[in-house]
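Asker: I have a structure here, written as structure tokens, and I will follow up with some questions on it.
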Amino acid sequence: MISAIPPILATCLIVITNLSYADNSRALDVPTMKIKALAQQDEVSELVKQNDRKISLKEILVRDNLWMKSAQKPTHYLNKSLQYYFEGIIEQPGSRIVELILMGSQGETLAAFPTPTDYWQGDEAKFMSVMADESTFVDRTNWDESSQTISAQVSVPVKDQSGEVLGVLTGAIEATVRDLGEIKRP
């Protein structure tokens, strides 16, 4: 919501939302490798596997509606230990990762830090693209309400031992002034 941010930042945001990290992946290399490694950790894939289709899409949408209407998000739906782990990763000195969201096979949020603005991610490109072609998806730079940063989201598949895609892990990588100067227009 642009009206909630300072006017000068809103102006900058309008300019940079037309920029794409996809043309200049050097800025994302290290954080993307960290996100891919995290998606391969047993704790991550096991949580997704354990929650696979545990609730119906109808229940997910009910939860999302409640989530969107609540000032205090009903975070009891989320895995607390993985949230704390995500928080530790984000708060490491020098970390460019400012948000992590782990999604199940239907796009439901299983763990996240900070708390996302919505529970169901299944209607968003970051989820649909990865589930459809089972590869990394890099979104455009954007103002991220949850992390309060200008960032690009990198989404990677979470797979089991056999290579089957179980869900998606998205990490928002903060855009630095240097990055913005190096990014090419699409």
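We name chains A, B, ... following the order of the structure tokens; residues begin at 1 in each chain, and ligands are numbered from 1 as shown.
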Write out as a compact mmCIF listing (two decimals) with all heavy atoms, in the first residue's frame each polymer residue whose atoms come within 6 Å of range 116-121 of chain A, counting only C-alpha atoms; drop sequence neighbours fewer than 2 positions from it.

Answerer:
```txt
# COMPACT_ATOMS: atom_id res chain seq x y z
N ASP A 64 -7.19 -18.03 5.19
CA ASP A 64 -6.65 -16.84 4.53
C ASP A 64 -7.57 -15.64 4.75
O ASP A 64 -7.10 -14.53 5.03
CB ASP A 64 -6.46 -17.09 3.03
CG ASP A 64 -5.77 -15.94 2.33
OD1 ASP A 64 -4.64 -15.58 2.77
OD2 ASP A 64 -6.33 -15.39 1.36
N MET A 68 -6.44 -12.29 6.64
CA MET A 68 -6.48 -10.97 6.02
C MET A 68 -7.29 -9.97 6.85
O MET A 68 -6.97 -8.78 6.86
CB MET A 68 -7.07 -11.07 4.61
CG MET A 68 -6.25 -11.93 3.66
SD MET A 68 -4.62 -11.28 3.31
CE MET A 68 -5.06 -10.00 2.16
N GLY A 107 -0.14 -24.08 -1.51
CA GLY A 107 0.16 -22.66 -1.36
C GLY A 107 -0.09 -22.11 0.02
O GLY A 107 0.05 -20.91 0.26
N GLU A 108 -0.44 -22.98 0.97
CA GLU A 108 -0.67 -22.53 2.34
C GLU A 108 0.67 -22.24 3.01
O GLU A 108 1.66 -22.92 2.76
CB GLU A 108 -1.47 -23.57 3.13
CG GLU A 108 -0.72 -24.82 3.53
CD GLU A 108 -0.62 -25.91 2.45
OE1 GLU A 108 -0.77 -25.62 1.26
OE2 GLU A 108 -0.37 -27.07 2.84
N THR A 109 0.71 -21.23 3.86
CA THR A 109 1.93 -20.88 4.58
C THR A 109 2.09 -21.84 5.75
O THR A 109 1.20 -21.99 6.58
CB THR A 109 1.87 -19.43 5.08
OG1 THR A 109 1.69 -18.57 3.95
CG2 THR A 109 3.13 -19.04 5.81
N ASP A 123 -2.16 -18.32 -5.06
CA ASP A 123 -2.61 -17.55 -6.23
C ASP A 123 -1.53 -16.60 -6.73
O ASP A 123 -1.78 -15.77 -7.59
CB ASP A 123 -3.88 -16.78 -5.89
CG ASP A 123 -3.71 -15.79 -4.76
OD1 ASP A 123 -2.72 -15.89 -3.99
OD2 ASP A 123 -4.57 -14.90 -4.61
N GLU A 124 -0.33 -16.72 -6.21
CA GLU A 124 0.75 -15.80 -6.56
C GLU A 124 1.78 -16.48 -7.47
O GLU A 124 2.02 -17.68 -7.37
CB GLU A 124 1.42 -15.27 -5.30
CG GLU A 124 0.44 -14.47 -4.45
CD GLU A 124 1.05 -13.89 -3.20
OE1 GLU A 124 2.28 -13.67 -3.17
OE2 GLU A 124 0.29 -13.66 -2.23
N SER A 146 5.53 -6.95 4.33
CA SER A 146 5.91 -7.74 5.50
C SER A 146 7.28 -7.36 6.05
O SER A 146 7.46 -7.21 7.25
CB SER A 146 5.91 -9.23 5.17
OG SER A 146 4.63 -9.65 4.79
```

Asker: Using DSSP on the backbone coordinates, identify all residues within range 57-155 of chain A classified as alpha helix (DSSP H); present the result as a VMD selection string.

Answerer: chain A and resid 57 to 69 80 to 90 125 to 133

Asker: Output N, CA and C atoms for every residue in that selection, as a short mmCIF file (atom, residue, chain, number, x, y, z; two decimals), in the first residue's frame.

Answerer:
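Saved the output as out.cif:
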```
data_model
loop_
_atom_site.label_atom_id
_atom_site.label_comp_id
_atom_site.auth_asym_id
_atom_site.auth_seq_id
_atom_site.Cartn_x
_atom_site.Cartn_y
_atom_site.Cartn_z
N LEU A 57 -8.44 -27.20 0.44
CA LEU A 57 -8.28 -25.86 -0.11
C LEU A 57 -9.35 -24.93 0.45
N LYS A 58 -10.54 -25.45 0.66
CA LYS A 58 -11.61 -24.64 1.24
C LYS A 58 -11.21 -24.12 2.62
N GLU A 59 -10.62 -24.98 3.46
CA GLU A 59 -10.17 -24.57 4.79
C GLU A 59 -9.01 -23.58 4.69
N ILE A 60 -8.13 -23.77 3.72
CA ILE A 60 -7.03 -22.84 3.51
C ILE A 60 -7.57 -21.45 3.20
N LEU A 61 -8.59 -21.39 2.34
CA LEU A 61 -9.18 -20.10 1.96
C LEU A 61 -9.92 -19.46 3.14
N VAL A 62 -10.55 -20.27 3.99
CA VAL A 62 -11.18 -19.75 5.20
C VAL A 62 -10.11 -19.14 6.11
N ARG A 63 -9.00 -19.86 6.27
CA ARG A 63 -7.91 -19.34 7.10
C ARG A 63 -7.33 -18.06 6.51
N ASP A 64 -7.19 -18.03 5.19
CA ASP A 64 -6.65 -16.84 4.53
C ASP A 64 -7.57 -15.64 4.75
N ASN A 65 -8.86 -15.85 4.65
CA ASN A 65 -9.83 -14.78 4.88
C ASN A 65 -9.73 -14.25 6.31
N LEU A 66 -9.65 -15.15 7.27
CA LEU A 66 -9.48 -14.76 8.67
C LEU A 66 -8.16 -14.01 8.85
N TRP A 67 -7.11 -14.52 8.24
CA TRP A 67 -5.77 -13.91 8.31
C TRP A 67 -5.81 -12.47 7.80
N MET A 68 -6.44 -12.29 6.64
CA MET A 68 -6.48 -10.97 6.02
C MET A 68 -7.29 -9.97 6.85
N LYS A 69 -8.30 -10.44 7.54
CA LYS A 69 -9.17 -9.55 8.32
C LYS A 69 -8.62 -9.25 9.71
N LYS A 80 6.17 -23.02 14.74
CA LYS A 80 6.95 -22.05 15.53
C LYS A 80 8.46 -22.30 15.45
N SER A 81 8.90 -23.55 15.56
CA SER A 81 10.34 -23.80 15.58
C SER A 81 11.01 -23.39 14.27
N LEU A 82 10.34 -23.64 13.15
CA LEU A 82 10.91 -23.24 11.87
C LEU A 82 10.86 -21.70 11.71
N GLN A 83 9.83 -21.08 12.26
CA GLN A 83 9.77 -19.62 12.24
C GLN A 83 10.96 -19.01 12.98
N TYR A 84 11.28 -19.56 14.15
CA TYR A 84 12.42 -19.06 14.92
C TYR A 84 13.72 -19.29 14.16
N TYR A 85 13.81 -20.42 13.47
CA TYR A 85 14.99 -20.72 12.66
C TYR A 85 15.12 -19.71 11.53
N PHE A 86 14.01 -19.42 10.86
CA PHE A 86 14.00 -18.41 9.79
C PHE A 86 14.42 -17.04 10.34
N GLU A 87 13.90 -16.70 11.49
CA GLU A 87 14.25 -15.42 12.11
C GLU A 87 15.75 -15.33 12.34
N GLY A 88 16.35 -16.42 12.82
CA GLY A 88 17.79 -16.45 13.06
C GLY A 88 18.59 -16.23 11.78
N ILE A 89 18.14 -16.81 10.69
CA ILE A 89 18.80 -16.64 9.40
C ILE A 89 18.72 -15.18 8.95
N ILE A 90 17.54 -14.62 9.05
CA ILE A 90 17.31 -13.24 8.61
C ILE A 90 18.09 -12.24 9.46
N ALA A 125 2.41 -15.67 -8.33
CA ALA A 125 3.38 -16.19 -9.30
C ALA A 125 4.52 -16.93 -8.63
N LYS A 126 4.95 -16.47 -7.46
CA LYS A 126 6.07 -17.11 -6.77
C LYS A 126 5.77 -18.57 -6.45
N PHE A 127 4.52 -18.89 -6.22
CA PHE A 127 4.13 -20.27 -5.93
C PHE A 127 3.82 -21.02 -7.22
N MET A 128 2.95 -20.45 -8.04
CA MET A 128 2.47 -21.14 -9.24
C MET A 128 3.60 -21.47 -10.21
N SER A 129 4.52 -20.54 -10.40
CA SER A 129 5.62 -20.76 -11.35
C SER A 129 6.51 -21.92 -10.92
N VAL A 130 6.85 -21.96 -9.65
CA VAL A 130 7.73 -23.02 -9.16
C VAL A 130 7.03 -24.38 -9.21
N MET A 131 5.77 -24.43 -8.82
CA MET A 131 5.04 -25.69 -8.84
C MET A 131 4.84 -26.19 -10.28
N ALA A 132 4.69 -25.27 -11.23
CA ALA A 132 4.44 -25.64 -12.62
C ALA A 132 5.69 -26.15 -13.32
N ASP A 133 6.82 -25.45 -13.15
CA ASP A 133 8.00 -25.87 -13.90
C ASP A 133 9.14 -26.36 -13.02
#
```

Asker: Which residue, A:Leu28, A:Ala71, A:Val165, A:Ile101, has the smallest gap to Thr141 in chain A when you use only C-alpha atoms?

Answerer: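 Comparing A:Leu28, A:Ala71, A:Val165, A:Ile101 against Thr141 in chain A, the winner is A:Leu28.
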
Asker: Between A:Val156, A:Val138, A:Val168, A:Leu110, which one has atoms that come closest to Gln50 in chain A, using only C-alpha atoms?

Answerer: A:Leu110

Asker: Of the candidates A:Thr115, A:Gln40, A:Ser162, A:Asn51, which shows the shortest atom-to-atom distance to Ser147 in chain A, using only C-alpha atoms?

Answerer: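 With only C-alpha atoms as the atom set, the closest residue is A:Thr115.
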
Asker: For Gly122 in chain A, which residue out of A:Gly104, A:Thr136, A:Gln72, A:Ser155 is the nearest one, using only C-alpha atoms?

Answerer: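 Once distances to Gly122 in chain A are computed over only C-alpha atoms, the minimum belongs to A:Gly104.
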
Asker: Run DSSP on the backbone and tell me which residues of range 71-162 of chain A come out as strand (DSSP E or B); list them as a PyMOL selection string.

Answerer: chain A and resi 97-103+108-113+120+137-144+149-159

Asker: For the residues selected in the previous step, produce a file with N, CA and C atoms as a short mmCIF file (atom, residue, chain, number, x, y, z; two decimals), in the first residue's frame.

Answerer:
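As written to disk, again_24.cif reads:
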```cif
data_model
loop_
_atom_site.label_atom_id
_atom_site.label_comp_id
_atom_site.auth_asym_id
_atom_site.auth_seq_id
_atom_site.Cartn_x
_atom_site.Cartn_y
_atom_site.Cartn_z
N ILE A 97 18.78 -11.57 3.14
CA ILE A 97 17.46 -12.20 3.15
C ILE A 97 16.64 -11.50 4.22
N VAL A 98 15.49 -10.95 3.82
CA VAL A 98 14.67 -10.17 4.75
C VAL A 98 13.33 -10.82 5.03
N GLU A 99 13.02 -11.91 4.33
CA GLU A 99 11.76 -12.62 4.55
C GLU A 99 11.91 -14.04 4.04
N LEU A 100 11.33 -14.99 4.75
CA LEU A 100 11.27 -16.39 4.31
C LEU A 100 9.85 -16.89 4.51
N ILE A 101 9.31 -17.54 3.48
CA ILE A 101 7.97 -18.13 3.56
C ILE A 101 8.05 -19.55 3.02
N LEU A 102 7.65 -20.51 3.83
CA LEU A 102 7.58 -21.90 3.40
C LEU A 102 6.12 -22.25 3.13
N MET A 103 5.87 -22.75 1.92
CA MET A 103 4.50 -23.06 1.49
C MET A 103 4.34 -24.54 1.22
N GLU A 108 -0.44 -22.98 0.97
CA GLU A 108 -0.67 -22.53 2.34
C GLU A 108 0.67 -22.24 3.01
N THR A 109 0.71 -21.23 3.86
CA THR A 109 1.93 -20.88 4.58
C THR A 109 2.09 -21.84 5.75
N LEU A 110 3.26 -22.49 5.81
CA LEU A 110 3.55 -23.44 6.89
C LEU A 110 4.46 -22.81 7.95
N ALA A 111 5.35 -21.95 7.51
CA ALA A 111 6.26 -21.23 8.42
C ALA A 111 6.71 -19.98 7.69
N ALA A 112 6.92 -18.90 8.43
CA ALA A 112 7.36 -17.66 7.81
C ALA A 112 7.92 -16.71 8.86
N PHE A 113 8.84 -15.89 8.40
CA PHE A 113 9.32 -14.77 9.20
C PHE A 113 9.78 -13.69 8.24
N TRP A 120 -2.56 -17.62 2.39
CA TRP A 120 -2.53 -18.43 1.17
C TRP A 120 -1.71 -17.72 0.10
N PHE A 137 12.22 -19.33 -9.40
CA PHE A 137 11.49 -18.19 -9.94
C PHE A 137 12.00 -16.93 -9.25
N VAL A 138 12.41 -15.94 -10.05
CA VAL A 138 12.88 -14.66 -9.52
C VAL A 138 11.88 -13.59 -9.93
N ASP A 139 11.30 -12.94 -8.95
CA ASP A 139 10.31 -11.91 -9.22
C ASP A 139 10.98 -10.54 -9.36
N ARG A 140 10.22 -9.56 -9.81
CA ARG A 140 10.72 -8.18 -9.94
C ARG A 140 10.94 -7.57 -8.55
N THR A 141 11.74 -6.51 -8.53
CA THR A 141 11.88 -5.76 -7.29
C THR A 141 10.53 -5.13 -6.95
N ASN A 142 10.26 -5.03 -5.68
CA ASN A 142 8.97 -4.56 -5.22
C ASN A 142 9.07 -4.07 -3.79
N TRP A 143 8.12 -3.24 -3.38
CA TRP A 143 7.99 -2.90 -1.96
C TRP A 143 7.33 -4.08 -1.29
N ASP A 144 7.97 -4.63 -0.26
CA ASP A 144 7.41 -5.76 0.47
C ASP A 144 6.87 -5.27 1.80
N THR A 149 10.76 -3.55 3.09
CA THR A 149 11.95 -3.31 2.29
C THR A 149 11.60 -3.34 0.81
N ILE A 150 12.51 -2.81 0.01
CA ILE A 150 12.44 -3.00 -1.43
C ILE A 150 13.27 -4.24 -1.69
N SER A 151 12.63 -5.24 -2.26
CA SER A 151 13.30 -6.53 -2.41
C SER A 151 12.78 -7.28 -3.63
N ALA A 152 13.51 -8.34 -3.96
CA ALA A 152 13.08 -9.27 -5.00
C ALA A 152 12.87 -10.62 -4.34
N GLN A 153 11.80 -11.29 -4.69
CA GLN A 153 11.55 -12.61 -4.12
C GLN A 153 12.13 -13.68 -5.03
N VAL A 154 12.84 -14.61 -4.40
CA VAL A 154 13.40 -15.76 -5.09
C VAL A 154 12.69 -16.98 -4.51
N SER A 155 12.04 -17.75 -5.37
CA SER A 155 11.28 -18.92 -4.93
C SER A 155 11.91 -20.17 -5.52
N VAL A 156 12.06 -21.19 -4.67
CA VAL A 156 12.68 -22.44 -5.08
C VAL A 156 11.80 -23.61 -4.66
N PRO A 157 11.88 -24.72 -5.40
CA PRO A 157 11.09 -25.89 -5.01
C PRO A 157 11.67 -26.57 -3.77
N VAL A 158 10.78 -27.12 -2.96
CA VAL A 158 11.17 -27.98 -1.85
C VAL A 158 10.84 -29.39 -2.33
N LYS A 159 11.86 -30.25 -2.37
CA LYS A 159 11.68 -31.59 -2.93
C LYS A 159 11.97 -32.66 -1.88
#
```
